[in-house]
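Data block below; observations after.
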Amino acid sequence: MRLSTLFLSLLALVLQEAGPASLPEKEQRRSEEQSHYGESDPYSELHVGSYMVIPDDYSEVIDLSSYEELADYGDQLAEVKVTSLAPPTRISPTQSKVTPRTPLSNPTMTKPTLPGPLGSPASHGLPTCLVCVCLGSSVYCDDIDLENIPPLPRMTTYLYARFNRISRIRTRDFKGLTKLKRIDLTSNFISSIDNDALRLLPALQDLILPENQLVALPLLPSGIEFLDVRLNRLRSSGIQPEAFRALEKLQFLYLADNQLDSIPWPLPLSLRSLHLQNNMIETMQTDAFCDPVEHRHTRRPLEDIRLDGNPINLSLFPSAYFCLPRLPIGRFT
């Protein structure tokens, strides 16, 4: 027991003497480290081993109380006011479902209809403006083997259907075409025209029918100005009595190369040109052009009369020409 007590006392004495001697070594080691890193070393006041920061007040590094001042952007950002949020788009259950497509079975093709009000197909089974050429209010149906007048738009003003195989003009062909001014059916096979097919066309001015097979003329509208029926089979019996008297605007009447045996009478005072050459005219009435009794009118506009190619001797009828500005062309011997 005494020996153990004595040993402990000697050990304590040795440790007491060794403590003060080791302290200068620690201080010397610290001074060497400071000289190695320099005085400005940020880790000089930080003991990593103890995980303790020497400064007691962290607010000296970052002052949290002034954080609003650090984040102030001044006038760089505009103030944004949120008033209300748009309601979310709702999709109904019916809209969310995708309707499946049903496959088309046995599609049917329908024929296009005519853009005009008449709307019926032409003789070729197609609308007129596909078979013919429609430019504005003009319709051109030349040389396409038509056998009938095709249905026409109501706004048609000029119709050209030359060099076809049309044989007849029916009453319904031009019905309702109140703006139609010109009809040109040159070189067809027209042998008949319904009596009312043209009479009810109030705007018709030019009727051109040469090189057909007409033997008679229908009733004509009163506003007609130009009538060309050359190279047909027209007979005097096929022209109704006084057929031209009511045509007060008629200026050009071309009836050459037909089978006429007399000069149509009476003729309107508006007439400027009358062609009757190459017919079968053998005689004429003394008042065919003038009134030999009362001399009531003169025909100054009528400067062009052709009777050449007829068997008539014009010298036998001198009193028939006194009201004319010049003599007719024909045989005087």
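Labels for the structure tokens follow display order: chains A, B, ..., residues from 1 in each chain, ligands from 1.
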If we count only C-alpha atoms and set the cut-off at 10 Å, which residues sit around range 178-191 of chain A, ignoring sequence neighbours fewer than 3 positions away in its own chain? Please answer as a short mmCIF file (atom, residue, chain, number, x, y, z; two decimals) with N, CA and C atoms, in the first residue's frame.
```
data_model
loop_
_atom_site.label_atom_id
_atom_site.label_comp_id
_atom_site.auth_asym_id
_atom_site.auth_seq_id
_atom_site.Cartn_x
_atom_site.Cartn_y
_atom_site.Cartn_z
N SER A 137 -70.50 38.45 -120.31
CA SER A 137 -71.87 38.18 -120.73
C SER A 137 -71.94 37.58 -122.13
N SER A 138 -70.78 37.18 -122.68
CA SER A 138 -70.73 36.57 -124.01
C SER A 138 -70.52 35.07 -123.90
N TYR A 140 -69.58 31.71 -126.27
CA TYR A 140 -69.04 31.27 -127.55
C TYR A 140 -69.16 29.74 -127.64
N CYS A 141 -69.98 29.27 -128.56
CA CYS A 141 -70.20 27.83 -128.74
C CYS A 141 -69.91 27.43 -130.19
N ASP A 142 -68.90 27.99 -130.78
CA ASP A 142 -68.59 27.75 -132.19
C ASP A 142 -67.99 26.36 -132.41
N ASP A 143 -68.48 25.69 -133.45
CA ASP A 143 -67.85 24.48 -133.97
C ASP A 143 -67.63 23.40 -132.90
N ASP A 145 -70.25 20.90 -132.59
CA ASP A 145 -71.24 19.88 -132.97
C ASP A 145 -72.51 19.94 -132.12
N LEU A 146 -72.93 21.12 -131.76
CA LEU A 146 -74.20 21.25 -131.05
C LEU A 146 -75.36 20.92 -131.99
N GLU A 147 -76.38 20.29 -131.46
CA GLU A 147 -77.58 19.98 -132.22
C GLU A 147 -78.77 20.81 -131.76
N ASN A 148 -78.63 21.47 -130.63
CA ASN A 148 -79.68 22.34 -130.10
C ASN A 148 -79.04 23.57 -129.47
N ILE A 149 -79.82 24.61 -129.26
CA ILE A 149 -79.34 25.77 -128.52
C ILE A 149 -79.13 25.34 -127.07
N ARG A 154 -78.91 33.70 -117.63
CA ARG A 154 -79.84 34.80 -117.87
C ARG A 154 -79.14 36.11 -118.23
N MET A 155 -77.87 36.25 -117.84
CA MET A 155 -77.15 37.48 -118.12
C MET A 155 -76.49 37.48 -119.50
N THR A 156 -76.74 36.46 -120.30
CA THR A 156 -76.13 36.39 -121.63
C THR A 156 -76.57 37.57 -122.49
N THR A 157 -75.58 38.24 -123.09
CA THR A 157 -75.84 39.38 -123.97
C THR A 157 -75.52 39.05 -125.42
N TYR A 158 -74.46 38.28 -125.63
CA TYR A 158 -74.03 37.92 -126.98
C TYR A 158 -73.86 36.39 -127.07
N LEU A 159 -74.50 35.79 -128.05
CA LEU A 159 -74.40 34.35 -128.27
C LEU A 159 -73.82 34.09 -129.65
N TYR A 160 -72.75 33.30 -129.67
CA TYR A 160 -72.14 32.86 -130.93
C TYR A 160 -72.13 31.33 -130.94
N ALA A 161 -72.95 30.75 -131.81
CA ALA A 161 -73.02 29.29 -131.94
C ALA A 161 -72.91 28.93 -133.42
N ARG A 162 -71.83 29.35 -134.02
CA ARG A 162 -71.62 29.16 -135.46
C ARG A 162 -71.00 27.78 -135.75
N PHE A 163 -71.24 27.33 -136.99
CA PHE A 163 -70.61 26.09 -137.49
C PHE A 163 -70.94 24.88 -136.61
N ASN A 164 -72.23 24.71 -136.35
CA ASN A 164 -72.71 23.56 -135.59
C ASN A 164 -73.73 22.79 -136.42
N ARG A 165 -74.52 21.99 -135.74
CA ARG A 165 -75.52 21.15 -136.42
C ARG A 165 -76.93 21.43 -135.90
N ILE A 166 -77.16 22.66 -135.47
CA ILE A 166 -78.47 23.04 -134.94
C ILE A 166 -79.48 23.07 -136.09
N SER A 167 -80.63 22.42 -135.89
CA SER A 167 -81.63 22.32 -136.96
C SER A 167 -82.91 23.09 -136.67
N ARG A 168 -83.10 23.44 -135.40
CA ARG A 168 -84.37 24.11 -135.06
C ARG A 168 -84.15 25.05 -133.88
N ILE A 169 -84.86 26.16 -133.89
CA ILE A 169 -84.87 27.08 -132.76
C ILE A 169 -86.26 27.04 -132.14
N PHE A 174 -84.68 30.67 -125.88
CA PHE A 174 -84.25 31.99 -125.44
C PHE A 174 -85.20 32.60 -124.42
N LYS A 175 -86.02 31.79 -123.82
CA LYS A 175 -87.01 32.30 -122.87
C LYS A 175 -86.33 32.94 -121.66
N LEU A 198 -88.28 34.41 -131.00
CA LEU A 198 -87.49 35.64 -130.99
C LEU A 198 -88.31 36.88 -130.67
N LEU A 200 -90.21 37.82 -128.32
CA LEU A 200 -90.26 38.30 -126.94
C LEU A 200 -88.88 38.63 -126.37
N LEU A 201 -87.92 38.93 -127.23
CA LEU A 201 -86.58 39.34 -126.78
C LEU A 201 -86.47 40.85 -126.92
N PRO A 202 -86.71 41.59 -125.85
CA PRO A 202 -86.83 43.06 -125.97
C PRO A 202 -85.52 43.75 -126.31
N ALA A 203 -84.36 43.14 -125.98
CA ALA A 203 -83.07 43.80 -126.21
C ALA A 203 -82.39 43.36 -127.51
N LEU A 204 -83.00 42.42 -128.24
CA LEU A 204 -82.33 41.87 -129.43
C LEU A 204 -82.16 42.93 -130.51
N GLN A 205 -80.92 43.10 -130.97
CA GLN A 205 -80.60 44.07 -132.01
C GLN A 205 -80.06 43.42 -133.27
N ASP A 206 -79.23 42.38 -133.11
CA ASP A 206 -78.58 41.74 -134.26
C ASP A 206 -79.00 40.28 -134.34
N LEU A 207 -79.57 39.89 -135.47
CA LEU A 207 -79.93 38.50 -135.73
C LEU A 207 -79.20 38.06 -136.99
N ILE A 208 -78.26 37.13 -136.81
CA ILE A 208 -77.36 36.72 -137.89
C ILE A 208 -77.57 35.24 -138.16
N LEU A 209 -78.18 34.94 -139.33
CA LEU A 209 -78.57 33.56 -139.64
C LEU A 209 -78.13 33.12 -141.05
N PRO A 210 -77.02 33.56 -141.57
CA PRO A 210 -76.65 33.13 -142.93
C PRO A 210 -76.21 31.67 -142.97
N GLU A 211 -76.29 31.10 -144.18
CA GLU A 211 -75.84 29.73 -144.43
C GLU A 211 -76.60 28.71 -143.59
N ASN A 212 -77.92 28.80 -143.67
CA ASN A 212 -78.79 27.82 -143.04
C ASN A 212 -79.79 27.31 -144.08
N GLN A 213 -80.91 26.76 -143.64
CA GLN A 213 -81.88 26.17 -144.55
C GLN A 213 -83.28 26.73 -144.31
N LEU A 214 -83.35 27.98 -143.91
CA LEU A 214 -84.64 28.60 -143.61
C LEU A 214 -85.46 28.84 -144.89
N VAL A 215 -86.73 28.55 -144.77
CA VAL A 215 -87.67 28.85 -145.86
C VAL A 215 -88.67 29.93 -145.46
N ALA A 216 -88.68 30.29 -144.16
CA ALA A 216 -89.63 31.30 -143.66
C ALA A 216 -89.00 32.02 -142.48
N GLY A 223 -87.23 45.96 -131.83
CA GLY A 223 -85.99 46.71 -131.64
C GLY A 223 -84.84 46.23 -132.50
N ILE A 224 -85.07 45.30 -133.40
CA ILE A 224 -83.99 44.74 -134.18
C ILE A 224 -83.45 45.79 -135.17
N PHE A 226 -80.25 44.87 -137.14
CA PHE A 226 -79.42 44.19 -138.15
C PHE A 226 -79.98 42.79 -138.36
N ASP A 228 -79.59 39.47 -140.92
CA ASP A 228 -78.81 38.84 -141.98
C ASP A 228 -79.32 37.41 -142.16
N VAL A 229 -80.01 37.19 -143.30
CA VAL A 229 -80.54 35.86 -143.60
C VAL A 229 -80.05 35.42 -144.98
N ARG A 230 -78.83 35.76 -145.30
CA ARG A 230 -78.26 35.38 -146.60
C ARG A 230 -78.05 33.87 -146.68
N LEU A 231 -78.01 33.41 -147.94
CA LEU A 231 -77.65 32.01 -148.22
C LEU A 231 -78.54 31.02 -147.47
N ASN A 232 -79.85 31.25 -147.60
CA ASN A 232 -80.83 30.31 -147.08
C ASN A 232 -81.73 29.85 -148.24
N ARG A 233 -82.91 29.36 -147.90
CA ARG A 233 -83.89 28.95 -148.91
C ARG A 233 -85.17 29.77 -148.78
N LEU A 234 -85.00 30.99 -148.36
CA LEU A 234 -86.13 31.85 -148.04
C LEU A 234 -86.93 32.20 -149.28
#
```
Identify all residues of range 210-326 of chain A in strand (DSSP E) (DSSP on the backbone) and supply them as a compact mmCIF listing (two decimals) with N, CA and C atoms, in the first residue's frame.
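Contents of selection_19.txt, as written:
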```txt
# COMPACT_ATOMS: atom_id res chain seq x y z
N PHE A 226 -80.25 44.87 -137.14
CA PHE A 226 -79.42 44.19 -138.15
C PHE A 226 -79.98 42.79 -138.36
N LEU A 227 -80.41 42.49 -139.59
CA LEU A 227 -80.98 41.18 -139.92
C LEU A 227 -80.24 40.62 -141.12
N ASP A 228 -79.59 39.47 -140.92
CA ASP A 228 -78.81 38.84 -141.98
C ASP A 228 -79.32 37.41 -142.16
N PHE A 252 -80.16 47.50 -141.44
CA PHE A 252 -79.47 46.64 -142.39
C PHE A 252 -80.29 45.36 -142.60
N LEU A 253 -80.71 45.14 -143.84
CA LEU A 253 -81.53 43.98 -144.18
C LEU A 253 -80.84 43.23 -145.33
N TYR A 254 -80.29 42.05 -144.98
CA TYR A 254 -79.53 41.27 -145.96
C TYR A 254 -80.28 39.97 -146.26
N SER A 273 -79.51 49.96 -145.70
CA SER A 273 -78.89 49.03 -146.66
C SER A 273 -79.84 47.87 -146.90
N LEU A 274 -80.09 47.57 -148.19
CA LEU A 274 -80.98 46.46 -148.58
C LEU A 274 -80.27 45.62 -149.64
N HIS A 275 -79.96 44.38 -149.29
CA HIS A 275 -79.28 43.49 -150.23
C HIS A 275 -80.23 42.36 -150.64
N ASP A 304 -77.88 52.15 -150.16
CA ASP A 304 -77.27 50.91 -150.64
C ASP A 304 -78.38 49.89 -150.94
N ILE A 305 -78.73 49.76 -152.23
CA ILE A 305 -79.71 48.77 -152.67
C ILE A 305 -79.06 47.91 -153.74
N ARG A 306 -79.06 46.62 -153.51
CA ARG A 306 -78.46 45.71 -154.49
C ARG A 306 -79.53 44.74 -155.02
```
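Distances to Ser319 in chain A were evaluated for A:Met280, A:Leu302, A:Leu247, A:Cys290 using only C-alpha atoms, and the minimum falls at A:Cys290.
Taking CA of Thr128 in chain A as the reference point, CA of Pro153 in chain A is found at 8.6 Å.
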Near Asn279 in chain A, within 12 Å and counting only C-alpha atoms, which residues show up once chain neighbours fewer than 4 positions away are dropped, as a PyMOL selection string? chain A and resi 230-236+254-263+275+283+306-312+330
Could you check the closest approach to Ile144 in chain A for each of A:Val131, A:Phe332, A:Leu269, A:Leu314 and tell me which residue wins, using only C-alpha atoms? A:Val131
Mind giving me the straight-line distance from CA of Ser315 in chain A to CA of Ala288 in chain A in Å, one decimal?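 Between CA of Ser315 in chain A and CA of Ala288 in chain A the gap works out to 14.5 Å.
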Quick one: pull the distance between CA of Cys132 in chain A and CA of Arg199 in chain A, Å, one decimal. 25.3 Å
Which residue gives the smallest distance to Ser237 in chain A among A:Pro264, A:Ile193, A:Leu276, A:Leu219, with only C-alpha atoms counted? A:Pro264
